[in-house]
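To keep things clear, I will list the structure first and then write my remarks on it.
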Amino acid sequence: MRKHFFFLAVIAALSVNGFGQQLMKIDTSRQSVEHWQKWMTDLNEMGVEKKNDSFYVKEEVVKLLKDPAYRNAVYPAVYNWAATVSLLKQMELKKAFWHMINLYQTDTAHRNIVIGTFILYDSLMDMDKILVNSFYTYAFTDPQVCRIKNNKPDIFRPDILEQKLRTTKEIVGYIWMNRRAKADKKQ
């Protein structure tokens, strides 16, 4: 239900032109629908996943391992709000959420903005799962954590990796607290 509501909300948001009430044409072509379905699937998948005794690596992680220019574009030297907002506007949500996890660590004065944004998105989609998916997509190829040697990650700072995981868990905890508070209000 949340997925369908989110898809409709995205379409509605894209259909309004600024503050004017002028509606734009909505592309309902098969190609557009397939694009948004792929986008939603990616958002709900981990980039690196362990099943039984095997690791599965998705296309995004492979691209990060093999393409240094792409990797540099995804991981800035310093995370900032302007780049994060740009990613949000471009609907690159998984990358934007990774940036926000990092901003939560570095921009402690604005943590409430990070939490508030995730809580807002949680009303549209399962943010706890998506944040974990973002972590398992971008954490293992993060230059703060690993170097790429022969297209393979060499994790040289497991302590930073663990800190980013703790940060992700802390944010997920706030999302769960907000959900409980909303459920308690309904009772």
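Identifiers in the structure tokens: chain A, B, ... in order shown; residue index from 1 per chain; ligand index from 1 in order shown.
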Based on DSSP run over this structure's backbone, return all residues of region 9-113 of chain A in alpha helix (DSSP H), as a PyMOL selection string. chain A and resi 9-15+30-43+59-66+68-74+81-89+93-106+111-113
Name the residues of chain A that come out as strand (DSSP E or B) in a backbone DSSP run; write them as a ChimeraX atom specification. /A:16,23,48-51,54-57,146-149,152-155
Can you spit out the residues from that selection as a PDB file, in the first residue's frame, using N, CA, C and O atoms?
ATOM      1  N   VAL A  16       2.746  19.047 -10.806  1.00  0.00           N
ATOM      2  CA  VAL A  16       2.471  20.446 -10.483  1.00  0.00           C
ATOM      3  C   VAL A  16       3.690  21.287 -10.840  1.00  0.00           C
ATOM      4  O   VAL A  16       4.804  20.983 -10.456  1.00  0.00           O
ATOM      5  N   LEU A  23      -1.078  22.203 -14.522  1.00  0.00           N
ATOM      6  CA  LEU A  23      -0.687  20.804 -14.548  1.00  0.00           C
ATOM      7  C   LEU A  23       0.135  20.500 -15.789  1.00  0.00           C
ATOM      8  O   LEU A  23      -0.159  20.983 -16.876  1.00  0.00           O
ATOM      9  N   VAL A  48      24.674  -4.712  -1.462  1.00  0.00           N
ATOM     10  CA  VAL A  48      25.449  -5.900  -1.117  1.00  0.00           C
ATOM     11  C   VAL A  48      24.589  -6.707  -0.154  1.00  0.00           C
ATOM     12  O   VAL A  48      24.132  -6.189   0.857  1.00  0.00           O
ATOM     13  N   GLU A  49      24.376  -7.952  -0.507  1.00  0.00           N
ATOM     14  CA  GLU A  49      23.501  -8.784   0.307  1.00  0.00           C
ATOM     15  C   GLU A  49      24.109 -10.176   0.459  1.00  0.00           C
ATOM     16  O   GLU A  49      24.643 -10.735  -0.494  1.00  0.00           O
ATOM     17  N   LYS A  50      24.031 -10.708   1.659  1.00  0.00           N
ATOM     18  CA  LYS A  50      24.529 -12.066   1.921  1.00  0.00           C
ATOM     19  C   LYS A  50      23.342 -13.003   2.058  1.00  0.00           C
ATOM     20  O   LYS A  50      22.429 -12.760   2.840  1.00  0.00           O
ATOM     21  N   LYS A  51      23.368 -14.048   1.242  1.00  0.00           N
ATOM     22  CA  LYS A  51      22.348 -15.089   1.327  1.00  0.00           C
ATOM     23  C   LYS A  51      23.080 -16.416   1.435  1.00  0.00           C
ATOM     24  O   LYS A  51      23.886 -16.752   0.572  1.00  0.00           O
ATOM     25  N   SER A  54      26.802 -16.964   0.214  1.00  0.00           N
ATOM     26  CA  SER A  54      27.198 -16.158  -0.948  1.00  0.00           C
ATOM     27  C   SER A  54      26.848 -14.687  -0.749  1.00  0.00           C
ATOM     28  O   SER A  54      25.859 -14.357  -0.101  1.00  0.00           O
ATOM     29  N   PHE A  55      27.685 -13.828  -1.327  1.00  0.00           N
ATOM     30  CA  PHE A  55      27.396 -12.400  -1.367  1.00  0.00           C
ATOM     31  C   PHE A  55      26.884 -12.054  -2.750  1.00  0.00           C
ATOM     32  O   PHE A  55      27.433 -12.520  -3.753  1.00  0.00           O
ATOM     33  N   TYR A  56      25.860 -11.228  -2.801  1.00  0.00           N
ATOM     34  CA  TYR A  56      25.311 -10.750  -4.062  1.00  0.00           C
ATOM     35  C   TYR A  56      25.556  -9.251  -4.131  1.00  0.00           C
ATOM     36  O   TYR A  56      25.239  -8.522  -3.188  1.00  0.00           O
ATOM     37  N   VAL A  57      26.129  -8.818  -5.238  1.00  0.00           N
ATOM     38  CA  VAL A  57      26.474  -7.417  -5.418  1.00  0.00           C
ATOM     39  C   VAL A  57      25.656  -6.873  -6.584  1.00  0.00           C
ATOM     40  O   VAL A  57      25.703  -7.417  -7.691  1.00  0.00           O
ATOM     41  N   CYS A 146      37.219   2.351   2.499  1.00  0.00           N
ATOM     42  CA  CYS A 146      37.978   1.381   1.715  1.00  0.00           C
ATOM     43  C   CYS A 146      38.685   2.018   0.521  1.00  0.00           C
ATOM     44  O   CYS A 146      38.347   3.109   0.080  1.00  0.00           O
ATOM     45  N   ARG A 147      39.668   1.290   0.057  1.00  0.00           N
ATOM     46  CA  ARG A 147      40.369   1.624  -1.185  1.00  0.00           C
ATOM     47  C   ARG A 147      39.984   0.550  -2.189  1.00  0.00           C
ATOM     48  O   ARG A 147      39.732  -0.593  -1.811  1.00  0.00           O
ATOM     49  N   ILE A 148      39.979   0.922  -3.455  1.00  0.00           N
ATOM     50  CA  ILE A 148      39.687  -0.051  -4.493  1.00  0.00           C
ATOM     51  C   ILE A 148      41.009  -0.549  -5.065  1.00  0.00           C
ATOM     52  O   ILE A 148      41.821   0.241  -5.552  1.00  0.00           O
ATOM     53  N   LYS A 149      41.208  -1.851  -4.981  1.00  0.00           N
ATOM     54  CA  LYS A 149      42.405  -2.485  -5.541  1.00  0.00           C
ATOM     55  C   LYS A 149      41.943  -3.592  -6.472  1.00  0.00           C
ATOM     56  O   LYS A 149      41.272  -4.537  -6.036  1.00  0.00           O
ATOM     57  N   LYS A 152      38.266  -4.362  -6.455  1.00  0.00           N
ATOM     58  CA  LYS A 152      37.747  -4.992  -5.243  1.00  0.00           C
ATOM     59  C   LYS A 152      37.976  -4.060  -4.061  1.00  0.00           C
ATOM     60  O   LYS A 152      38.992  -3.388  -3.978  1.00  0.00           O
ATOM     61  N   PRO A 153      37.019  -4.036  -3.140  1.00  0.00           N
ATOM     62  CA  PRO A 153      37.194  -3.172  -1.980  1.00  0.00           C
ATOM     63  C   PRO A 153      38.209  -3.741  -0.990  1.00  0.00           C
ATOM     64  O   PRO A 153      38.229  -4.934  -0.724  1.00  0.00           O
ATOM     65  N   ASP A 154      39.055  -2.858  -0.496  1.00  0.00           N
ATOM     66  CA  ASP A 154      40.003  -3.205   0.562  1.00  0.00           C
ATOM     67  C   ASP A 154      39.630  -2.327   1.756  1.00  0.00           C
ATOM     68  O   ASP A 154      39.977  -1.149   1.802  1.00  0.00           O
ATOM     69  N   ILE A 155      38.873  -2.882   2.676  1.00  0.00           N
ATOM     70  CA  ILE A 155      38.394  -2.105   3.814  1.00  0.00           C
ATOM     71  C   ILE A 155      39.554  -1.894   4.779  1.00  0.00           C
ATOM     72  O   ILE A 155      40.005  -2.829   5.432  1.00  0.00           O
TER      73      ILE A 155
END
Counting only C-alpha atoms, which residues of region 67-148 of chain A fall within 10 Å of region 160-165 of chain A, and what is the closest atom pair for each with its distance in Å at one decimal, ordered by chain and rising number, as a Markdown table?
| residue | atom | partner | partner_atom | distance |
| --- | --- | --- | --- | --- |
| A:Trp98 | CA | A:Lys164 | CA | 9.8 |
| A:Ile101 | CA | A:Lys164 | CA | 7.6 |
| A:Asn102 | CA | A:Lys164 | CA | 7.5 |
| A:Tyr104 | CA | A:Lys164 | CA | 9.8 |
| A:Gln105 | CA | A:Lys164 | CA | 8.1 |
| A:Val132 | CA | A:Leu165 | CA | 8.6 |
| A:Phe135 | CA | A:Leu165 | CA | 7.2 |
| A:Tyr136 | CA | A:Leu165 | CA | 9.2 |
| A:Ala139 | CA | A:Leu161 | CA | 6.7 |
| A:Phe140 | CA | A:Leu161 | CA | 7.5 |
| A:Asp142 | CA | A:Leu161 | CA | 8.7 |
| A:Gln144 | CA | A:Ile160 | CA | 7.2 |
| A:Val145 | CA | A:Leu161 | CA | 5.9 |
| A:Cys146 | CA | A:Leu161 | CA | 9.0 |
Please compute the CA of Gln90 (chain A)-CA of Ile26 (chain A) distance, one decimal, in Å. 16.7 Å
Near Lys94 (chain A), within 12 Å and counting only C-alpha atoms, which residues show up once chain neighbours fewer than 4 positions away are dropped, as a ChimeraX atom specification? /A:39-47,60,74,84,87-88,90,98-101,118,127,129-139
